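Remarks on the structure that follows.
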Amino acid sequence: MSREIELPPGVLQPREAVLRMQPYSPPTSGRLGKVRLDFNENTIGASPRVIEALLEYLTEERLAVYPEYRAAKQELAAFFGVEPEDFILTNGTDEAIQVLINTYVDDGDEVVSLQPSYAMYRFYAEVAGAEVREIPYRREKLAFPLEELLDAISPVTRAVLISNPNNPTGTGTSRAGIERVLEKATNAAVLIDEAYYEFSGVTTLGLINDYPNLFVSRTFSKVYGMAGMRIGCLFSQSENVEFLHKAQSPYSVNTVATVAARAAVQDTAFVEKYVTEVLAARELLYVGLEELGIPYYESKANFVLFDAGERAVFIRDELRAQGVLVRDRSYEIPGCVRVTVGTRDQVRRFLKELREIW
Ligand SMILES: Cc1ncc(COP(=O)(O)O)c(C=O)c1O
């Protein structure tokens with residue numbers, strides 16, 4: 001394949017796949033102290049028990065030692081109801097996607113994902129030099145395009161990357177729908193990214209030993225309030241996990257993150273309380289949007305996409321000027337802005353600012 005992009009003299013030629021990629025830079029600076037409704041994080045922060053565990057753990061010597069994963073794997077396995085051999089710890093879901101692709105996808109292979117969806121599926125597939133085929137969410141209600149996806153999957157498909165519920169649409173699909181995908185995609189690694197599972201309650205984790213092509217990821221970045229820690233898990237049947245291990249860097253998850261994750265899963269009350277708060281706040285948000293006559297898409301997650309018409313970027317910028325951060329998604333779904341659902345108080349604040357500018 002010939003290179004179409006001219007490099008300045010003296011610049012080392014990168015791989016063709018990297019040369020072709022669009023740069024990706026999430027707008028992630030200066031967010032502390034603002035009402036963070038832009039990244040679907042936990043908007044009140046991590047459990048205090050996580051902070052306590054970290055403070056108690058940190059000593060000079062412990063930081064000097066390379067990570068040891070045994071205890072963390074045992075405790076997390078018990079929490080997730082699997083065996084320690086059924087998963088790898090990952091540096092966030094992002095590394096889970098990367099390791100899955102490094103394990104199963106070669107240069108030129110076909111990867112199927114949905115559109116719009118989490119940007120990192122395309123990112124890692126492109127870095128690997130794969131051909132990415134994207135199936136659009138249905139226009140009406142942004143529903144999961146099951147039949148269209150099934151039609152797109154063929155014996156040459158090497159990976160299928162699905163987020164359930166999906167970001168940024170907020171829509172989800174059933175376990176039965178995913179089983180149909182698994183039955184069709186017999187030559188592919190099928191990733192079900194369950195970053196927002198706690199809000200939807202729909203999971204395929206219990207199916208890893210029924211489908212040899214099923215991979216499920218979970219993260220501590222969302223409901224657990226630990227996005228800065230970069231830790232998650234990638235589950236599959238143990239035979240697959242051995243290969244994932246081979247393709248993963250041995251110490252990509254740091255010790256401090258494992259300590260935080262161990263403490264986080266102890267505090268189930270914290271997670272339950274936060275989920276209950278978010279679900280109540282989401283109802284409040286729907287009512288507020290309806291009062292303003294703003295169309296929105298019903299969500300299974302802790303964020304909602306609403307239609308700001310021609311003014312998506314304006315709304316985002318005006319809200320930011322008032323200290324409320326939301327995400328413009330109009331470049332992929334015309335007119336749409338995504339707002340993370342936090343507490344009811346945060347939703348009230350968002351609605352108050354929105355009313356002023358609407
Ligand atoms: C669907 C989905 N998966 C994964 C992530 C990020 O996960 P992590 O922080 O674990 O890499 C996000 C964050 O926005 C997401 O929306």
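Following the order of the structure tokens, chains are lettered A, B, ..., residues in each are numbered from 1, and ligands are numbered from 1.
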Margin query: Taking only C-alpha atoms and all ligand atoms and a cut-off of 9 Å, can you tell me which residues surround ligand 1, written as number ranges by chain?
Written below: A: 39-41, 90-97, 117-121, 162-168, 193-196, 217-222, 226-233
Notebook entry, point to check: Looking only at the backbone, which of the residues in range 208-287 of chain A does DSSP tag as helix (DSSP H, G or I), as a VMD selection string?
Noted result: chain A and resid 238 to 246 255 to 266 268 to 287
Once you count only C-alpha atoms, what closest atom pair and distance in Å to one decimal does each residue of range 279-354 of chain A within 10 Å of range 138-149 of chain A have, with rows by chain and rising residue number, as a Markdown table?
```
| residue | atom | partner | partner_atom | distance |
| --- | --- | --- | --- | --- |
| A:Tyr296 | CA | A:Lys141 | CA | 9.0 |
| A:Tyr297 | CA | A:Lys141 | CA | 6.3 |
| A:Glu298 | CA | A:Lys141 | CA | 8.0 |
| A:Ile333 | CA | A:Arg139 | CA | 9.3 |
```
For N, CA, C and O atoms, I'd like the residues from the last selection saved as a short mmCIF file (atom, residue, chain, number, x, y, z; two decimals), in the first residue's frame.
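part.cif, freshly written:
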```cif
data_model
loop_
_atom_site.label_atom_id
_atom_site.label_comp_id
_atom_site.auth_asym_id
_atom_site.auth_seq_id
_atom_site.Cartn_x
_atom_site.Cartn_y
_atom_site.Cartn_z
N TYR A 296 -34.72 13.58 24.07
CA TYR A 296 -33.57 12.83 24.59
C TYR A 296 -33.78 11.34 24.31
O TYR A 296 -34.88 10.92 23.97
N TYR A 297 -32.70 10.59 24.48
CA TYR A 297 -32.77 9.15 24.28
C TYR A 297 -32.75 8.47 25.64
O TYR A 297 -31.86 8.75 26.46
N GLU A 298 -33.67 7.55 25.87
CA GLU A 298 -33.69 6.87 27.17
C GLU A 298 -32.44 6.02 27.31
O GLU A 298 -32.02 5.38 26.36
N ILE A 333 -23.63 12.25 16.21
CA ILE A 333 -25.09 12.17 16.18
C ILE A 333 -25.58 13.62 16.12
O ILE A 333 -25.50 14.33 17.13
#
```
So which residues touch Lys300 in chain A within 8 Å, counting only C-alpha atoms, skipping near sequence neighbours fewer than 5 positions away, as an mmCIF file with N, CA and C atoms, in the first residue's frame?
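Contents of selection-v5.cif, as written:
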```
data_model
loop_
_atom_site.group_PDB
_atom_site.id
_atom_site.type_symbol
_atom_site.label_atom_id
_atom_site.label_comp_id
_atom_site.auth_asym_id
_atom_site.auth_seq_id
_atom_site.Cartn_x
_atom_site.Cartn_y
_atom_site.Cartn_z
ATOM 1 N N PRO A 165 -24.361 -1.438 28.344
ATOM 2 C CA PRO A 165 -24.960 -0.458 27.440
ATOM 3 C C PRO A 165 -23.877 0.302 26.680
ATOM 4 N N GLY A 170 -26.304 5.209 25.154
ATOM 5 C CA GLY A 170 -26.999 4.836 26.393
ATOM 6 C C GLY A 170 -27.911 3.636 26.216
ATOM 7 N N THR A 171 -28.083 3.208 24.965
ATOM 8 C CA THR A 171 -28.985 2.083 24.709
ATOM 9 C C THR A 171 -28.243 0.758 24.909
ATOM 10 N N GLY A 172 -29.029 -0.282 25.161
ATOM 11 C CA GLY A 172 -28.403 -1.581 25.418
ATOM 12 C C GLY A 172 -29.092 -2.683 24.658
ATOM 13 N N PHE A 199 -25.312 -0.005 36.219
ATOM 14 C CA PHE A 199 -26.520 0.799 36.011
ATOM 15 C C PHE A 199 -27.579 0.046 35.215
ATOM 16 N N SER A 200 -27.164 -0.923 34.419
ATOM 17 C CA SER A 200 -28.124 -1.624 33.549
ATOM 18 C C SER A 200 -28.563 -2.956 34.140
#
```
Next item on the list: Write out as a VMD selection string the residues lying within 10 Å of Ile208 in chain A, counting only C-alpha atoms and excluding same-chain residues fewer than 2 positions away.
Entry: chain A and resid 82 86 204 to 206 210 to 216 235 to 238
Keeping all heavy atoms for every residue in the selection just given, could you write it to a file as a compact mmCIF listing (two decimals), in the first residue's frame?
```txt
# COMPACT_ATOMS: atom_id res chain seq x y z
N VAL A 82 -16.06 -15.85 39.66
CA VAL A 82 -15.31 -16.63 38.67
C VAL A 82 -14.07 -17.21 39.35
O VAL A 82 -13.83 -16.97 40.54
CB VAL A 82 -14.88 -15.76 37.46
CG1 VAL A 82 -16.08 -15.16 36.74
CG2 VAL A 82 -13.91 -14.65 37.90
N ASP A 86 -9.85 -17.22 35.19
CA ASP A 86 -10.83 -16.80 34.17
C ASP A 86 -10.70 -15.33 33.77
O ASP A 86 -11.56 -14.81 33.07
CB ASP A 86 -12.26 -17.00 34.69
CG ASP A 86 -12.57 -18.46 34.93
OD1 ASP A 86 -11.86 -19.30 34.38
OD2 ASP A 86 -13.53 -18.75 35.67
N THR A 204 -23.22 -10.60 30.69
CA THR A 204 -22.97 -11.90 30.06
C THR A 204 -21.80 -12.60 30.75
O THR A 204 -21.31 -13.61 30.25
CB THR A 204 -22.64 -11.73 28.56
OG1 THR A 204 -21.68 -10.69 28.43
CG2 THR A 204 -23.86 -11.39 27.75
N LEU A 205 -21.39 -12.06 31.87
CA LEU A 205 -20.23 -12.64 32.55
C LEU A 205 -20.45 -14.12 32.87
O LEU A 205 -19.53 -14.93 32.75
CB LEU A 205 -19.93 -11.83 33.83
CG LEU A 205 -18.69 -12.18 34.62
CD1 LEU A 205 -17.45 -12.22 33.74
CD2 LEU A 205 -18.49 -11.19 35.76
N GLY A 206 -21.66 -14.46 33.24
CA GLY A 206 -21.97 -15.85 33.59
C GLY A 206 -21.91 -16.81 32.40
O GLY A 206 -22.05 -18.02 32.58
N ASP A 210 -19.72 -20.94 28.54
CA ASP A 210 -20.64 -21.51 27.54
C ASP A 210 -20.23 -21.15 26.13
O ASP A 210 -20.60 -21.84 25.18
CB ASP A 210 -22.06 -20.98 27.78
CG ASP A 210 -22.58 -21.40 29.15
OD1 ASP A 210 -22.13 -22.46 29.64
OD2 ASP A 210 -23.39 -20.66 29.74
N TYR A 211 -19.52 -20.04 25.97
CA TYR A 211 -19.15 -19.57 24.63
C TYR A 211 -17.64 -19.35 24.57
O TYR A 211 -17.13 -18.41 25.20
CB TYR A 211 -19.88 -18.26 24.29
CG TYR A 211 -21.36 -18.44 24.14
CD1 TYR A 211 -22.23 -18.20 25.20
CD2 TYR A 211 -21.90 -18.87 22.92
CE1 TYR A 211 -23.59 -18.37 25.06
CE2 TYR A 211 -23.27 -19.04 22.78
CZ TYR A 211 -24.10 -18.79 23.85
OH TYR A 211 -25.46 -18.96 23.72
N PRO A 212 -16.93 -20.16 23.80
CA PRO A 212 -15.46 -20.02 23.76
C PRO A 212 -15.00 -18.72 23.11
O PRO A 212 -13.83 -18.36 23.21
CB PRO A 212 -15.00 -21.22 22.92
CG PRO A 212 -16.21 -21.70 22.20
CD PRO A 212 -17.41 -21.29 23.00
N ASN A 213 -15.91 -17.99 22.44
CA ASN A 213 -15.52 -16.73 21.78
C ASN A 213 -15.94 -15.50 22.59
O ASN A 213 -15.83 -14.38 22.10
CB ASN A 213 -16.12 -16.65 20.37
CG ASN A 213 -17.63 -16.90 20.35
OD1 ASN A 213 -18.20 -17.38 21.33
ND2 ASN A 213 -18.27 -16.58 19.24
N LEU A 214 -16.40 -15.71 23.82
CA LEU A 214 -16.90 -14.57 24.61
C LEU A 214 -15.82 -13.99 25.54
O LEU A 214 -15.16 -14.73 26.29
CB LEU A 214 -18.10 -15.00 25.46
CG LEU A 214 -18.62 -13.97 26.48
CD1 LEU A 214 -19.10 -12.69 25.80
CD2 LEU A 214 -19.75 -14.57 27.32
N PHE A 215 -15.69 -12.67 25.50
CA PHE A 215 -14.79 -11.92 26.38
C PHE A 215 -15.62 -10.79 27.00
O PHE A 215 -16.36 -10.11 26.29
CB PHE A 215 -13.64 -11.31 25.57
CG PHE A 215 -12.76 -12.36 24.94
CD1 PHE A 215 -13.19 -13.05 23.80
CD2 PHE A 215 -11.54 -12.69 25.49
CE1 PHE A 215 -12.40 -14.04 23.24
CE2 PHE A 215 -10.74 -13.68 24.94
CZ PHE A 215 -11.18 -14.36 23.80
N VAL A 216 -15.52 -10.64 28.30
CA VAL A 216 -16.31 -9.59 28.98
C VAL A 216 -15.35 -8.68 29.73
O VAL A 216 -14.46 -9.17 30.43
CB VAL A 216 -17.31 -10.23 29.98
CG1 VAL A 216 -18.07 -9.15 30.74
CG2 VAL A 216 -18.27 -11.16 29.26
N PHE A 235 -12.46 -10.89 31.22
CA PHE A 235 -12.84 -12.27 31.55
C PHE A 235 -13.04 -13.09 30.28
O PHE A 235 -13.56 -12.59 29.27
CB PHE A 235 -14.18 -12.27 32.30
CG PHE A 235 -14.20 -11.45 33.56
CD1 PHE A 235 -14.51 -10.09 33.52
CD2 PHE A 235 -13.93 -12.03 34.79
CE1 PHE A 235 -14.54 -9.33 34.68
CE2 PHE A 235 -13.96 -11.28 35.96
CZ PHE A 235 -14.28 -9.92 35.90
N SER A 236 -12.71 -14.38 30.38
CA SER A 236 -13.04 -15.32 29.31
C SER A 236 -12.79 -16.72 29.86
O SER A 236 -12.36 -16.87 31.01
CB SER A 236 -12.19 -15.06 28.07
OG SER A 236 -12.67 -15.80 26.97
N GLN A 237 -13.05 -17.73 29.06
CA GLN A 237 -12.73 -19.07 29.56
C GLN A 237 -11.22 -19.17 29.75
O GLN A 237 -10.45 -18.54 29.04
CB GLN A 237 -13.27 -20.14 28.63
CG GLN A 237 -12.65 -20.14 27.26
CD GLN A 237 -13.05 -21.35 26.43
OE1 GLN A 237 -14.06 -21.97 26.69
NE2 GLN A 237 -12.26 -21.69 25.45
N SER A 238 -10.80 -20.01 30.70
CA SER A 238 -9.39 -19.99 31.11
C SER A 238 -8.42 -20.30 29.97
O SER A 238 -7.31 -19.77 29.93
CB SER A 238 -9.17 -20.95 32.28
OG SER A 238 -9.57 -22.24 31.91
```
Check: What is the distance between CA of Tyr104 in chain A and CA of Ala247 in chain A, in Å to one decimal?
Finding: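 Separation of CA of Tyr104 in chain A and CA of Ala247 in chain A: 9.6 Å.
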Check: Any idea what's packed within 12 Å of Glu126 in chain A, counting only C-alpha atoms, ignoring anything in its chain fewer than 5 positions away? Could you give it as a list of chain:residue names?
Finding: A:Arg15, A:Glu16, A:Ala17, A:Val18, A:Leu19, A:Arg20, A:Met21, A:Gln22, A:Pro23, A:Tyr24, A:Ile97, A:Gln98, A:Ile101, A:Asn102, A:Val105, A:Asp106, A:Asp107, A:Gly108, A:Asp109, A:Glu110, A:Val111, A:Val112, A:Ala119, A:Met120, A:Tyr121, A:Glu131, A:Val132, A:Arg133
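Across A:Val347, A:Ala321, A:Leu285, A:Ile88, the tightest approach to Thr43 in chain A is made by A:Val347 when counting only C-alpha atoms.
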Check: Between A:Leu279, A:Leu284, A:Tyr57, A:Leu114, which is the closest to Glu134 in chain A once you count only C-alpha atoms?
Finding: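 Selected residue with least distance to Glu134 in chain A: A:Leu114.
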Can you pull out every residue within 8 Å of Gln74 in chain A, counting only C-alpha atoms, but drop anything in the same chain fewer than 4 positions away, and send it as a tab-separated table (two decimals) with C-alpha atoms, in the first residue's frame?
```tsv
chain	number	residue	atom	x	y	z
A	70	ARG	CA	-2.18	-13.19	43.56
A	78	ALA	CA	-14.55	-14.23	44.54
A	83	GLU	CA	-12.00	-18.46	39.10
A	84	PRO	CA	-8.69	-16.53	39.19
```
Contacts of Asp345 in chain A at 12 Å (only C-alpha atoms; same-chain gap of 4+ positions) as a CSV table (one decimal) with N, CA and C atoms, in the first residue's frame:
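Listing of part.csv after writing:
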```
chain,number,residue,atom,x,y,z
A,35,VAL,N,-18.3,20.7,37.9
A,35,VAL,CA,-19.3,19.7,37.9
A,35,VAL,C,-19.1,18.8,36.7
A,43,THR,N,-19.4,10.9,40.0
A,43,THR,CA,-19.3,12.4,40.1
A,43,THR,C,-19.1,12.8,41.6
A,44,ILE,N,-19.1,11.8,42.5
A,44,ILE,CA,-18.8,12.1,43.9
A,44,ILE,C,-17.5,11.5,44.3
A,277,GLU,N,-28.9,6.4,43.7
A,277,GLU,CA,-28.9,7.9,43.5
A,277,GLU,C,-28.9,8.3,42.0
A,278,VAL,N,-28.1,7.7,41.3
A,278,VAL,CA,-28.0,8.0,39.8
A,278,VAL,C,-29.3,7.6,39.1
A,280,ALA,N,-32.3,7.6,40.4
A,280,ALA,CA,-33.3,8.6,40.7
A,280,ALA,C,-33.0,9.9,40.0
A,281,ALA,N,-31.7,10.3,39.9
A,281,ALA,CA,-31.3,11.5,39.3
A,281,ALA,C,-31.6,11.5,37.8
A,282,ARG,N,-31.5,10.3,37.2
A,282,ARG,CA,-31.8,10.2,35.8
A,282,ARG,C,-33.3,10.5,35.5
A,284,LEU,N,-35.1,12.5,37.3
A,284,LEU,CA,-35.2,13.9,37.4
A,284,LEU,C,-34.8,14.6,36.2
A,285,LEU,N,-33.7,14.1,35.6
A,285,LEU,CA,-33.2,14.7,34.4
A,285,LEU,C,-34.2,14.6,33.2
A,341,VAL,N,-25.0,11.5,34.3
A,341,VAL,CA,-26.0,11.7,35.4
A,341,VAL,C,-25.2,11.4,36.7
A,349,ARG,N,-28.5,21.3,39.4
A,349,ARG,CA,-27.6,22.4,39.0
A,349,ARG,C,-27.5,22.5,37.5
A,350,PHE,N,-27.3,21.3,36.8
A,350,PHE,CA,-27.3,21.2,35.4
A,350,PHE,C,-28.5,21.8,34.7
A,351,LEU,N,-29.7,21.4,35.2
A,351,LEU,CA,-30.9,21.9,34.7
A,351,LEU,C,-31.1,23.4,34.8
A,352,LYS,N,-30.7,23.9,36.0
A,352,LYS,CA,-30.8,25.3,36.3
A,352,LYS,C,-29.9,26.1,35.2
```
Could you pull out all residues of range 160-190 of chain A with a DSSP call of strand (DSSP E) and give them as a PDB file with C-alpha atoms, in the first residue's frame?
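Result file follows (selection_18.pdb):
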```
ATOM      1  CA  VAL A 160     -16.619  -7.968  17.366  1.00  0.00           C
ATOM      2  CA  LEU A 161     -16.465  -5.094  19.843  1.00  0.00           C
ATOM      3  CA  ILE A 162     -19.683  -4.139  21.624  1.00  0.00           C
ATOM      4  CA  SER A 163     -20.367  -1.925  24.585  1.00  0.00           C
ATOM      5  CA  ALA A 189     -13.300 -12.787  19.673  1.00  0.00           C
ATOM      6  CA  VAL A 190     -16.502 -11.089  20.836  1.00  0.00           C
TER       7      VAL A 190
END
```
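For the pair CA of Thr103 in chain A and CA of Leu89 in chain A, the interatomic distance is 15.2 Å.
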